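Asker: Structure: start-v6.cif, mmCIF, C-alpha atoms (C1' of nucleotides).
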data_my_file
#
loop_
_atom_site.label_atom_id
_atom_site.label_comp_id
_atom_site.auth_asym_id
_atom_site.auth_seq_id
_atom_site.Cartn_x
_atom_site.Cartn_y
_atom_site.Cartn_z
CA MET A 1 0.00 0.00 0.00
CA THR A 2 2.77 2.44 0.95
CA LEU A 3 4.19 3.98 -2.19
CA SER A 4 7.87 4.26 -3.00
CA LEU A 5 9.51 7.65 -3.33
CA ARG A 6 9.55 7.26 -7.08
CA GLU A 7 5.84 6.49 -7.20
CA ARG A 8 4.97 9.37 -4.90
CA ARG A 9 6.99 11.76 -7.01
CA ARG A 10 5.36 10.51 -10.16
CA LEU A 11 1.91 11.06 -8.69
CA GLN A 12 2.93 14.50 -7.48
CA THR A 13 4.31 15.56 -10.86
CA ALA A 14 1.16 14.35 -12.57
CA ARG A 15 -0.93 16.41 -10.18
CA ASP A 16 1.35 19.45 -10.59
CA ILE A 17 0.95 19.31 -14.34
CA GLN A 18 -2.82 18.94 -14.08
CA ARG A 19 -3.09 21.86 -11.68
CA ALA A 20 -0.92 24.04 -13.91
CA THR A 21 -3.04 23.08 -16.90
CA LEU A 22 -6.32 23.88 -15.15
CA LYS A 23 -5.06 27.15 -13.71
CA LEU A 24 -3.86 28.45 -17.06
CA ALA A 25 -6.84 27.06 -18.95
CA LEU A 26 -9.33 28.75 -16.63
CA ALA A 27 -7.62 32.07 -17.17
CA GLU A 28 -7.15 31.95 -20.94
CA GLY A 29 -8.91 28.87 -22.26
CA LEU A 30 -7.39 25.48 -22.98
CA ASP A 31 -7.07 26.18 -26.69
CA ALA A 32 -5.24 29.44 -26.13
CA ILE A 33 -2.44 28.08 -23.97
CA THR A 34 0.58 26.13 -25.19
CA THR A 35 2.09 22.96 -23.85
CA ASP A 36 5.28 24.95 -23.39
CA ALA A 37 3.49 27.35 -21.06
CA ILE A 38 1.93 24.51 -19.07
CA ALA A 39 5.24 22.72 -18.70
CA ALA A 40 6.95 25.91 -17.56
CA ALA A 41 4.18 26.60 -15.03
CA ALA A 42 4.47 23.06 -13.70
CA GLY A 43 8.24 23.32 -13.47
CA VAL A 44 9.13 20.59 -15.94
CA SER A 45 10.37 20.48 -19.51
CA THR A 46 7.97 20.25 -22.40
CA ARG A 47 9.24 16.78 -23.15
CA THR A 48 8.40 15.68 -19.62
CA PHE A 49 4.89 17.02 -20.00
CA PHE A 50 4.35 14.53 -22.83
CA ASN A 51 5.88 11.86 -20.65
CA TYR A 52 2.87 12.20 -18.34
CA TYR A 53 0.01 13.09 -20.67
CA PRO A 54 -0.44 12.61 -24.41
CA ASN A 55 -1.93 16.09 -24.82
CA LYS A 56 -3.31 19.17 -23.07
CA GLU A 57 -6.79 17.77 -22.83
CA ALA A 58 -5.69 14.63 -21.02
CA ALA A 59 -3.63 16.78 -18.65
CA ALA A 60 -6.69 18.85 -17.83
CA ILE A 61 -8.75 15.75 -17.05
CA GLY A 62 -6.07 13.93 -15.09
CA THR A 63 -7.14 10.60 -13.63
CA PRO A 64 -10.64 10.86 -12.20
CA PRO A 65 -11.57 8.34 -9.51
CA GLY A 66 -13.22 5.21 -10.88
CA PHE A 67 -15.67 2.88 -9.17
CA ARG A 68 -14.34 1.24 -6.03
CA ASP A 69 -14.17 -2.54 -6.00
CA GLU A 70 -16.04 -2.79 -2.71
CA ASP A 71 -18.90 -0.72 -4.10
CA LYS A 72 -19.08 -2.88 -7.19
CA ALA A 73 -19.12 -6.02 -5.07
CA ALA A 74 -21.88 -4.57 -2.88
CA LEU A 75 -23.98 -3.84 -5.96
CA ARG A 76 -23.46 -7.31 -7.37
CA ALA A 77 -24.42 -8.96 -4.08
CA GLY A 78 -27.17 -6.50 -3.11
CA ARG A 79 -30.53 -7.90 -2.01
CA ASN A 80 -32.65 -4.76 -1.96
CA ALA A 81 -34.70 -3.52 -4.88
CA LEU A 82 -32.44 -2.79 -7.83
CA ALA A 83 -33.32 0.90 -7.81
CA VAL A 84 -32.27 1.16 -4.17
CA ASP A 85 -28.95 -0.62 -4.55
CA LEU A 86 -28.15 1.28 -7.73
CA LYS A 87 -28.88 4.62 -6.14
CA GLN A 88 -26.65 3.75 -3.21
CA PHE A 89 -23.90 2.79 -5.61
CA LEU A 90 -24.18 6.14 -7.37
CA ASP A 91 -24.23 7.94 -4.04
CA ARG A 92 -20.95 6.35 -3.05
CA HIS A 93 -19.33 7.20 -6.35
CA MET A 94 -20.57 10.75 -6.12
CA ALA A 95 -19.12 10.97 -2.62
CA ALA A 96 -15.75 9.95 -4.05
CA LEU A 97 -16.01 12.69 -6.67
CA ALA A 98 -17.00 15.19 -3.99
CA GLU A 99 -13.66 14.66 -2.24
CA ASP A 100 -12.05 16.85 -4.88
CA GLU A 101 -14.76 19.39 -5.53
CA THR A 102 -12.27 22.08 -6.51
CA ILE A 103 -10.69 19.97 -9.22
CA LEU A 104 -14.08 18.71 -10.34
CA ARG A 105 -15.37 22.22 -10.83
CA MET A 106 -12.29 23.32 -12.76
CA VAL A 107 -12.30 20.23 -14.94
CA GLY A 108 -15.96 20.79 -15.69
CA LYS A 109 -15.44 24.36 -16.83
CA VAL A 110 -12.48 23.49 -19.00
CA VAL A 111 -14.00 20.37 -20.52
CA HIS A 112 -17.29 22.03 -21.45
CA ALA A 113 -15.34 24.47 -23.62
CA ASN A 114 -13.31 21.86 -25.48
CA SER A 115 -14.67 18.99 -27.52
CA LYS A 116 -11.47 16.98 -27.60
CA ALA A 117 -11.45 16.96 -23.81
CA SER A 118 -15.13 16.00 -23.85
CA GLY A 119 -14.24 13.05 -26.02
CA LEU A 120 -11.56 11.85 -23.65
CA LEU A 121 -13.84 12.16 -20.65
CA ASP A 122 -16.61 10.45 -22.55
CA ARG A 123 -14.35 7.46 -23.05
CA VAL A 124 -13.83 7.27 -19.32
CA VAL A 125 -17.56 7.40 -18.68
CA LEU A 126 -18.21 4.78 -21.35
CA GLY A 127 -15.75 2.47 -19.64
CA GLU A 128 -17.51 3.04 -16.34
CA ARG A 129 -20.85 2.28 -17.95
CA ASP A 130 -19.56 -1.07 -19.16
CA GLU A 131 -18.08 -1.81 -15.75
CA LEU A 132 -21.41 -1.03 -14.17
CA ALA A 133 -23.30 -3.13 -16.70
CA GLU A 134 -21.04 -6.03 -15.80
CA CYS A 135 -22.10 -5.69 -12.16
CA LEU A 136 -25.77 -5.57 -13.07
CA ARG A 137 -25.78 -8.49 -15.49
CA PRO A 138 -26.05 -11.21 -12.82
CA ARG A 139 -29.04 -9.39 -11.32
CA VAL A 140 -31.11 -8.93 -14.48
CA ASN A 141 -30.03 -11.79 -16.75
CA ASP A 142 -30.45 -9.74 -19.94
CA ASP A 143 -27.65 -7.84 -21.59
CA GLN A 144 -29.82 -5.11 -23.07
CA VAL A 145 -31.49 -4.44 -19.74
CA ALA A 146 -28.16 -4.34 -17.91
CA MET A 147 -26.81 -1.92 -20.50
CA ALA A 148 -29.88 0.29 -20.31
CA LEU A 149 -29.69 0.45 -16.52
CA ALA A 150 -25.96 1.16 -16.57
CA ALA A 151 -26.33 3.83 -19.23
CA ASN A 152 -29.20 5.50 -17.36
CA ALA A 153 -27.18 5.47 -14.16
CA THR A 154 -23.96 6.93 -15.53
CA ALA A 155 -25.97 9.53 -17.42
CA CYS A 156 -27.59 10.51 -14.12
CA THR A 157 -24.18 11.11 -12.58
CA ALA A 158 -23.19 13.28 -15.52
CA ARG A 159 -26.41 15.29 -15.38
CA ALA A 160 -26.09 15.67 -11.62
CA ILE A 161 -22.63 17.18 -11.99
CA HIS A 162 -24.00 19.46 -14.66
CA LEU A 163 -26.79 20.57 -12.35
CA TRP A 164 -24.34 21.14 -9.49
CA GLU A 165 -22.18 23.26 -11.79
CA ASN A 166 -25.01 25.53 -12.86
CA GLU A 167 -27.18 25.81 -9.77
CA GLU A 168 -25.97 27.75 -6.74
CA ASN A 169 -26.27 26.19 -3.31
CA VAL A 170 -26.81 22.64 -4.46
CA SER A 171 -24.42 19.98 -3.19
CA LEU A 172 -23.35 17.11 -5.42
CA ALA A 173 -25.40 14.71 -3.32
CA GLU A 174 -28.52 16.87 -3.60
CA ALA A 175 -28.01 17.29 -7.32
CA LEU A 176 -27.86 13.54 -7.72
CA ASP A 177 -31.05 13.17 -5.68
CA ARG A 178 -32.88 15.59 -7.92
CA VAL A 179 -31.64 14.02 -11.15
CA TRP A 180 -32.35 10.53 -9.86
CA ALA A 181 -35.90 11.52 -8.94
CA GLY A 182 -36.34 12.72 -12.52
CA GLN A 183 -35.00 9.45 -13.85
CA ILE A 184 -37.38 7.42 -11.70
CA ALA A 185 -40.32 9.57 -12.80
CA ALA A 186 -39.24 9.14 -16.41
CA ALA A 187 -39.00 5.39 -15.87
CA ARG A 188 -42.58 5.36 -14.58
CA LEU A 189 -43.74 7.17 -17.72
CA LEU A 190 -41.94 4.68 -19.93
CA ALA A 191 -43.07 1.66 -17.96
CA ASN A 192 -46.77 2.44 -17.65
CA PRO A 193 -48.65 2.75 -20.90
CA MET B 1 -35.31 24.82 -52.48
CA THR B 2 -33.25 24.52 -55.67
CA LEU B 3 -29.61 25.17 -54.85
CA SER B 4 -27.36 27.45 -56.83
CA LEU B 5 -24.35 26.07 -58.67
CA ARG B 6 -22.11 27.46 -55.98
CA GLU B 7 -24.05 25.76 -53.21
CA ARG B 8 -24.20 22.45 -55.02
CA ARG B 9 -20.47 22.52 -55.61
CA ARG B 10 -19.83 23.35 -51.99
CA LEU B 11 -21.95 20.42 -50.83
CA GLN B 12 -20.23 18.15 -53.33
CA THR B 13 -16.75 19.17 -52.25
CA ALA B 14 -17.66 18.63 -48.61
CA ARG B 15 -18.88 15.14 -49.43
CA ASP B 16 -15.80 14.40 -51.54
CA ILE B 17 -13.56 15.35 -48.66
CA GLN B 18 -15.54 13.26 -46.20
CA ARG B 19 -15.47 10.24 -48.50
CA ALA B 20 -11.73 10.58 -49.05
CA THR B 21 -11.21 10.89 -45.30
CA LEU B 22 -13.27 7.80 -44.51
CA LYS B 23 -11.71 5.73 -47.26
CA LEU B 24 -8.17 6.46 -46.17
CA ALA B 25 -9.00 6.23 -42.48
CA LEU B 26 -10.58 2.80 -42.87
CA ALA B 27 -7.45 1.55 -44.60
CA GLU B 28 -4.81 3.02 -42.30
CA GLY B 29 -6.54 4.61 -39.33
CA LEU B 30 -7.50 8.24 -38.92
CA ASP B 31 -4.45 8.99 -36.80
CA ALA B 32 -2.07 7.51 -39.34
CA ILE B 33 -3.17 9.58 -42.32
CA THR B 34 -2.28 13.22 -42.96
CA THR B 35 -4.46 16.10 -44.00
CA ASP B 36 -2.20 16.43 -47.04
CA ALA B 37 -3.07 12.90 -48.10
CA ILE B 38 -6.78 13.46 -47.58
CA ALA B 39 -6.74 16.68 -49.57
CA ALA B 40 -4.84 15.03 -52.40
CA ALA B 41 -7.27 12.11 -52.46
CA ALA B 42 -10.21 14.52 -52.55
CA GLY B 43 -8.60 16.55 -55.34
CA VAL B 44 -8.23 19.82 -53.46
CA SER B 45 -5.38 21.69 -51.84
CA THR B 46 -4.59 21.23 -48.16
CA ARG B 47 -5.66 24.80 -47.54
CA THR B 48 -9.04 24.08 -49.04
CA PHE B 49 -9.47 21.07 -46.80
CA PHE B 50 -9.32 23.40 -43.80
CA ASN B 51 -11.76 25.68 -45.55
CA TYR B 52 -14.36 22.93 -45.22
CA TYR B 53 -13.49 21.22 -41.95
CA PRO B 54 -11.47 22.40 -38.97
CA ASN B 55 -9.69 19.05 -38.67
CA LYS B 56 -9.56 15.42 -39.81
CA GLU B 57 -12.05 14.27 -37.20
CA ALA B 58 -14.72 16.72 -38.30
CA ALA B 59 -14.13 15.69 -41.92
CA ALA B 60 -14.71 12.06 -41.00
CA ILE B 61 -17.98 12.87 -39.26
CA GLY B 62 -19.31 15.25 -41.88
CA THR B 63 -22.77 16.61 -41.19
CA PRO B 64 -25.02 13.85 -39.87
CA PRO B 65 -28.78 14.33 -40.33
CA GLY B 66 -30.48 15.98 -37.36
CA PHE B 67 -34.07 15.65 -36.20
CA ARG B 68 -36.63 16.77 -38.75
CA ASP B 69 -38.93 19.62 -37.78
CA GLU B 70 -42.05 17.66 -38.70
CA ASP B 71 -41.01 14.78 -36.44
CA LYS B 72 -40.37 17.16 -33.58
CA ALA B 73 -43.74 18.80 -34.08
CA ALA B 74 -45.45 15.40 -34.14
CA LEU B 75 -43.79 14.47 -30.86
CA ARG B 76 -44.80 17.73 -29.22
CA ALA B 77 -48.39 17.37 -30.33
CA GLY B 78 -48.67 13.59 -29.87
CA ARG B 79 -51.66 12.20 -27.95
CA ASN B 80 -50.61 8.58 -27.50
CA ALA B 81 -48.73 7.27 -24.48
CA LEU B 82 -45.38 9.01 -24.20
CA ALA B 83 -43.45 5.79 -24.69
CA VAL B 84 -45.31 5.17 -27.97
CA ASP B 85 -44.79 8.65 -29.41
CA LEU B 86 -41.17 8.68 -28.33
CA LYS B 87 -40.45 5.34 -29.92
CA GLN B 88 -42.04 6.48 -33.16
CA PHE B 89 -39.90 9.60 -33.08
CA LEU B 90 -36.76 7.49 -32.67
CA ASP B 91 -37.91 5.16 -35.43
CA ARG B 92 -38.19 8.07 -37.83
CA HIS B 93 -34.79 9.42 -36.93
CA MET B 94 -33.27 5.99 -37.30
CA ALA B 95 -34.88 5.70 -40.71
CA ALA B 96 -33.18 8.95 -41.71
CA LEU B 97 -29.83 7.55 -40.54
CA ALA B 98 -30.50 4.33 -42.43
CA GLU B 99 -30.63 6.27 -45.71
CA ASP B 100 -26.84 6.44 -45.63
CA GLU B 101 -25.96 3.10 -44.11
CA THR B 102 -22.62 2.95 -45.87
CA ILE B 103 -21.45 6.27 -44.49
CA LEU B 104 -22.88 5.44 -41.07
CA ARG B 105 -20.92 2.22 -40.89
CA MET B 106 -17.68 3.87 -41.95
CA VAL B 107 -18.13 6.79 -39.58
CA GLY B 108 -18.80 4.36 -36.75
CA LYS B 109 -15.64 2.36 -37.36
CA VAL B 110 -13.49 5.46 -37.63
CA VAL B 111 -15.00 7.26 -34.67
CA HIS B 112 -14.73 4.32 -32.32
CA ALA B 113 -10.98 4.35 -32.84
CA ASN B 114 -10.49 8.05 -32.19
CA SER B 115 -11.45 9.92 -29.06
CA LYS B 116 -11.29 13.38 -30.59
CA ALA B 117 -13.83 12.31 -33.17
CA SER B 118 -15.93 10.76 -30.39
CA GLY B 119 -15.92 14.12 -28.67
CA LEU B 120 -17.13 15.94 -31.74
CA LEU B 121 -19.89 13.42 -32.33
CA ASP B 122 -20.83 13.51 -28.68
CA ARG B 123 -21.40 17.24 -28.98
CA VAL B 124 -23.82 16.62 -31.80
CA VAL B 125 -25.70 14.02 -29.78
CA LEU B 126 -25.79 16.32 -26.75
CA GLY B 127 -27.36 19.02 -28.87
CA GLU B 128 -29.94 16.54 -30.12
CA ARG B 129 -30.69 15.49 -26.56
CA ASP B 130 -31.44 19.10 -25.61
CA GLU B 131 -33.58 19.54 -28.71
CA LEU B 132 -35.51 16.44 -27.79
CA ALA B 133 -35.89 17.55 -24.17
CA GLU B 134 -37.37 20.79 -25.46
CA CYS B 135 -40.02 18.82 -27.32
CA LEU B 136 -40.84 16.71 -24.28
CA ARG B 137 -41.03 19.56 -21.77
CA PRO B 138 -44.62 20.59 -22.62
CA ARG B 139 -45.72 16.96 -22.16
CA VAL B 140 -44.17 16.28 -18.77
CA ASN B 141 -43.98 19.72 -17.10
CA ASP B 142 -40.76 18.89 -15.24
CA ASP B 143 -37.31 19.73 -16.54
CA GLN B 144 -35.54 16.83 -14.89
CA VAL B 145 -38.04 14.33 -16.23
CA ALA B 146 -37.82 15.77 -19.73
CA MET B 147 -34.04 15.62 -19.57
CA ALA B 148 -34.06 12.05 -18.29
CA LEU B 149 -36.41 10.94 -21.06
CA ALA B 150 -34.42 12.73 -23.73
CA ALA B 151 -31.14 11.35 -22.44
CA ASN B 152 -32.53 7.82 -22.29
CA ALA B 153 -33.87 8.15 -25.82
CA THR B 154 -30.71 9.48 -27.48
CA ALA B 155 -28.69 6.88 -25.60
CA CYS B 156 -30.95 4.20 -27.05
CA THR B 157 -30.20 5.41 -30.56
CA ALA B 158 -26.50 5.29 -29.86
CA ARG B 159 -26.68 1.81 -28.38
CA ALA B 160 -28.82 0.62 -31.27
CA ILE B 161 -26.21 1.77 -33.78
CA HIS B 162 -23.59 0.04 -31.70
CA LEU B 163 -25.60 -3.18 -31.73
CA TRP B 164 -26.16 -2.93 -35.49
CA GLU B 165 -22.42 -2.47 -35.99
CA ASN B 166 -21.48 -5.55 -34.01
CA GLU B 167 -24.25 -8.01 -34.77
CA GLU B 168 -24.57 -9.58 -38.18
CA ASN B 169 -27.97 -9.62 -39.89
CA VAL B 170 -29.62 -7.02 -37.71
CA SER B 171 -31.12 -3.99 -39.38
CA LEU B 172 -30.97 -0.58 -37.75
CA ALA B 173 -34.71 -0.72 -37.09
CA GLU B 174 -34.45 -4.13 -35.46
CA ALA B 175 -31.50 -3.03 -33.37
CA LEU B 176 -33.49 -0.07 -32.10
CA ASP B 177 -36.39 -2.38 -31.26
CA ARG B 178 -34.13 -4.62 -29.21
CA VAL B 179 -32.44 -1.75 -27.39
CA TRP B 180 -35.75 -0.03 -26.76
CA ALA B 181 -37.22 -3.20 -25.31
CA GLY B 182 -34.26 -3.31 -22.93
CA GLN B 183 -34.84 0.31 -21.96
CA ILE B 184 -38.52 -0.34 -21.23
CA ALA B 185 -37.67 -3.40 -19.14
CA ALA B 186 -35.07 -1.35 -17.27
CA ALA B 187 -37.65 1.37 -16.70
CA ARG B 188 -40.01 -1.20 -15.19
CA LEU B 189 -37.27 -2.31 -12.81
CA LEU B 190 -36.58 1.26 -11.76
CA ALA B 191 -40.24 2.20 -11.46
CA ASN B 192 -41.49 -0.78 -9.46
CA PRO B 193 -39.89 -1.23 -6.06
"C1'" DG C 1 28.81 1.31 -2.69
"C1'" DC C 2 27.28 -0.81 -7.26
"C1'" DA C 3 24.60 -2.17 -11.02
"C1'" DC C 4 20.17 -1.63 -12.97
"C1'" DA C 5 15.83 0.69 -13.99
"C1'" DA C 6 13.23 4.84 -14.32
"C1'" DA C 7 12.83 9.78 -15.13
"C1'" DT C 8 14.26 14.14 -17.23
"C1'" DT C 9 15.80 16.75 -20.85
"C1'" DG C 10 17.34 18.73 -25.50
"C1'" DC C 11 17.12 18.30 -30.23
"C1'" DA C 12 15.56 17.04 -34.74
"C1'" DG C 13 11.69 16.39 -37.54
"C1'" DA C 14 6.93 15.26 -39.20
"C1'" DC C 15 2.33 16.96 -38.86
"C1'" DT C 16 -1.62 20.29 -37.68
"C1'" DA C 17 -3.82 24.60 -38.22
"C1'" DT C 18 -4.37 29.69 -39.20
"C1'" DG C 19 -3.61 34.39 -41.30
"C1'" DC C 20 -2.71 36.77 -45.38
"C1'" DA C 21 -2.90 37.96 -50.09
"C1'" DA C 22 -3.30 36.89 -55.02
"C1'" DA C 23 -6.07 34.89 -58.74
"C1'" DG C 24 -10.02 32.91 -60.89
"C1'" DG C 25 -15.02 31.68 -61.14
"C1'" DA C 26 -20.01 32.58 -60.05
"C1'" DC C 27 -23.70 35.88 -59.73
"C1'" DA C 28 -26.88 39.90 -59.95
"C1'" DA C 29 -27.90 44.14 -62.17
"C1'" DT C 30 -27.58 46.74 -65.86
"C1'" DA D 1 -22.77 40.90 -73.00
"C1'" DT D 2 -20.42 43.73 -69.40
"C1'" DT D 3 -19.24 45.16 -65.06
"C1'" DG D 4 -18.53 45.16 -60.18
"C1'" DT D 5 -18.91 42.17 -56.21
"C1'" DC D 6 -18.56 38.23 -53.57
"C1'" DC D 7 -17.03 33.54 -52.90
"C1'" DT D 8 -13.65 29.98 -53.44
"C1'" DT D 9 -9.24 28.13 -54.15
"C1'" DT D 10 -4.51 28.16 -53.51
"C1'" DG D 11 0.46 28.99 -51.97
"C1'" DC D 12 3.33 30.72 -48.54
"C1'" DA D 13 4.79 31.78 -43.97
"C1'" DT D 14 4.45 30.67 -39.26
"C1'" DA D 15 3.09 29.12 -34.56
"C1'" DG D 16 2.10 25.07 -32.19
"C1'" DT D 17 1.66 19.74 -31.36
"C1'" DC D 18 3.78 15.43 -30.65
"C1'" DT D 19 7.28 11.54 -31.23
"C1'" DG D 20 11.83 9.15 -31.56
"C1'" DC D 21 16.40 9.10 -30.09
"C1'" DA D 22 20.26 9.58 -27.12
"C1'" DA D 23 22.61 11.57 -23.16
"C1'" DT D 24 22.34 12.54 -18.38
"C1'" DT D 25 20.60 12.32 -13.81
"C1'" DT D 26 18.21 10.06 -10.08
"C1'" DG D 27 15.92 6.19 -7.22
"C1'" DT D 28 16.05 1.13 -5.97
"C1'" DG D 29 17.57 -3.43 -4.66
"C1'" DC D 30 21.46 -6.11 -3.69
#
Written as structure tokens, that's how I'd like the structure from this file.

Answerer:
Amino acid sequence: MTLSLRERRRLQTARDIQRATLKLALAEGLDAITTDAIAAAAGVSTRTFFNYYPNKEAAAIGTPPGFRDEDKAALRAGRNALAVDLKQFLDRHMAALAEDETILRMVGKVVHANSKASGLLDRVVLGERDELAECLRPRVNDDQVAMALAANATACTARAIHLWENEENVSLAEALDRVWAGQIAAARLLANP
Amino acid sequence: MTLSLRERRRLQTARDIQRATLKLALAEGLDAITTDAIAAAAGVSTRTFFNYYPNKEAAAIGTPPGFRDEDKAALRAGRNALAVDLKQFLDRHMAALAEDETILRMVGKVVHANSKASGLLDRVVLGERDELAECLRPRVNDDQVAMALAANATACTARAIHLWENEENVSLAEALDRVWAGQIAAARLLANP
DNA sequence: GCACAAATTGCAGACTATGCAAAGGACAAT
DNA sequence: ATTGTCCTTTGCATAGTCTGCAATTTGTGC
């Protein structure tokens, strides 16, 4: 568990570069700043920048927290109604995201203004959706249903973050509650003819 | 309605460039080919390439068909169950996409292998989601519900295309039927505790 | 302390993308 | 048909992105 000096430094440099990227990008826009400027602000050479991230956009996104194994296991083994277990799973993930609210807010602002960054982040979310679908499969025994549930759930997280970004005085947890309530209401409309 | 010579030529050149991009990208990968090569294959100068598209990825995507105004109006004014009207709306849009199956298949292959292109396409889909939500708002009188429905619907279209790409002998319409059935089943699970 | 692996850096070079200005083709009005 | 205008194409120059290579420095395990 305890990281070596090398590993700690690597993590630190990665974070330094991300912070430098976000700081500059918020001030001038990600498209307007150069990798040279980011590297200089992070205190490394340009070549080292590309040693950590393949491009500006990836540097801005960094490495967002994924699903935790324990949460996935809990969802797989859950015995409550699916909607309840799924909501709890999303709550836990949202709590993990809330640990770095500052970064989350900056990443959001930068990403919304840059479609290449959106694409990278979308890949991450797509991977999470598939991970989630994998957890749901044993509980619904139908691939399409598992995929639909997983897609609906990850989309709720995304919309919740969006709501939190645009509405004052709404915590991430509250935003997720509101979005989830909308999803459940929508599900009722789709389910009952 | 009848386009001038200038406009027709412009459309034609845009299509030529997209076709050249897709053809080369399918053979060698979008990342491996240069804008010079694309321009040469399309019979224009490199500078003209950038006159039509801001980058390779946009050239590969081209201008996919959006929702038709008549379909949107029909959805807004529909009197059947929401699930029925919504499905019909998606069917019509899918039919529009099916008019250019060849392009759709090529775009899919190329986009899946390139995250910048994914980002661009994702922006298009996000815009469509908002357009759709706008149509649903008068029928559900709750923003979150409209957004959830619209997001679920556009995600179904995306998953249907994905299914059609990966499964032999499944038409786009059939793929949408299968995905939609999964979405409805998922909705039932979420709606009934 | 020593040998090995990882990290940093500079440099060269291919590729992307934009501004500018010149030249030729389409178009509307006469 | 002619003329003036606008649009399109194109080449050139230039700033910026990203990779491969090789030299140097810096941790790690023995």

Asker: Could you make a table, as a tab-separated table, of the residues of chain A that have an atom within 8 Å of an atom of chain D, each with its nearest atom pair and distance in Å to one decimal, counting all atoms listed in the file, in chain and number order?

Answerer:
residue	atom	partner	partner_atom	distance
A:Leu5	CA	D:DG27	C1'	7.6
A:Arg6	CA	D:DG27	C1'	6.5
A:Thr34	CA	D:DG16	C1'	7.2
A:Phe50	CA	D:DC18	C1'	7.9

Asker: Counting all atoms listed in the file, which residues of range 2-54 of chain B sit at most 12 Å from some atom of range 8-29 of chain C, and what is each one's closest atom pair with its distance in Å to one decimal, listed by chain and rising residue number, as a tab-separated table?

Answerer:
residue	atom	partner	partner_atom	distance
B:Ser4	CA	C:DA26	C1'	9.5
B:Leu5	CA	C:DA26	C1'	7.9
B:Arg6	CA	C:DA26	C1'	6.9
B:Glu7	CA	C:DA26	C1'	10.5
B:Arg9	CA	C:DA26	C1'	11.0
B:Asp31	CA	C:DC15	C1'	10.7
B:Ala32	CA	C:DC15	C1'	10.4
B:Ile33	CA	C:DC15	C1'	9.8
B:Thr34	CA	C:DC15	C1'	7.2
B:Thr35	CA	C:DT16	C1'	8.1
B:Asp36	CA	C:DC15	C1'	9.4
B:Ala37	CA	C:DC15	C1'	11.4
B:Thr46	CA	C:DA17	C1'	10.5
B:Arg47	CA	C:DA17	C1'	9.5
B:Phe49	CA	C:DA17	C1'	10.9
B:Phe50	CA	C:DA17	C1'	7.9
B:Asn51	CA	C:DT18	C1'	10.5
B:Tyr53	CA	C:DA17	C1'	10.9
B:Pro54	CA	C:DA17	C1'	8.0

Asker: Hey, list the chain A side of the contact with chain B: 7 Å cut-off, all atoms listed in the file, answer as a ChimeraX atom specification.

Answerer: /A:81-83,115-116,118-120,144-145,148-149,152,179,182-191,193

Asker: Take the residues that were just selected and, keeping C-alpha atoms, output them as a PDB file, in the coordinates of the input.

Answerer:
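The result, stored in out18.pdb:
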ATOM      1  CA  ALA A  81     -34.700  -3.520  -4.880  1.00  0.00           C
ATOM      2  CA  LEU A  82     -32.440  -2.790  -7.830  1.00  0.00           C
ATOM      3  CA  ALA A  83     -33.320   0.900  -7.810  1.00  0.00           C
ATOM      4  CA  SER A 115     -14.670  18.990 -27.520  1.00  0.00           C
ATOM      5  CA  LYS A 116     -11.470  16.980 -27.600  1.00  0.00           C
ATOM      6  CA  SER A 118     -15.130  16.000 -23.850  1.00  0.00           C
ATOM      7  CA  GLY A 119     -14.240  13.050 -26.020  1.00  0.00           C
ATOM      8  CA  LEU A 120     -11.560  11.850 -23.650  1.00  0.00           C
ATOM      9  CA  GLN A 144     -29.820  -5.110 -23.070  1.00  0.00           C
ATOM     10  CA  VAL A 145     -31.490  -4.440 -19.740  1.00  0.00           C
ATOM     11  CA  ALA A 148     -29.880   0.290 -20.310  1.00  0.00           C
ATOM     12  CA  LEU A 149     -29.690   0.450 -16.520  1.00  0.00           C
ATOM     13  CA  ASN A 152     -29.200   5.500 -17.360  1.00  0.00           C
ATOM     14  CA  VAL A 179     -31.640  14.020 -11.150  1.00  0.00           C
ATOM     15  CA  GLY A 182     -36.340  12.720 -12.520  1.00  0.00           C
ATOM     16  CA  GLN A 183     -35.000   9.450 -13.850  1.00  0.00           C
ATOM     17  CA  ILE A 184     -37.380   7.420 -11.700  1.00  0.00           C
ATOM     18  CA  ALA A 185     -40.320   9.570 -12.800  1.00  0.00           C
ATOM     19  CA  ALA A 186     -39.240   9.140 -16.410  1.00  0.00           C
ATOM     20  CA  ALA A 187     -39.000   5.390 -15.870  1.00  0.00           C
ATOM     21  CA  ARG A 188     -42.580   5.360 -14.580  1.00  0.00           C
ATOM     22  CA  LEU A 189     -43.740   7.170 -17.720  1.00  0.00           C
ATOM     23  CA  LEU A 190     -41.940   4.680 -19.930  1.00  0.00           C
ATOM     24  CA  ALA A 191     -43.070   1.660 -17.960  1.00  0.00           C
ATOM     25  CA  PRO A 193     -48.650   2.750 -20.900  1.00  0.00           C
TER      26      PRO A 193
END

Asker: Which residues come within 8 Å of range 65-71 of chain A, counting only C-alpha atoms (C1' of nucleotides), excluding same-chain residues fewer than 5 positions away, as a ChimeraX atom specification?

Answerer: /A:89,92-93,96-97,128

Asker: One decimal, Å: what's the distance from CA of Leu132 in chain B over to CA of Asp85 in chain B, could you say?

Answerer: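 So the answer is 12.2 Å.
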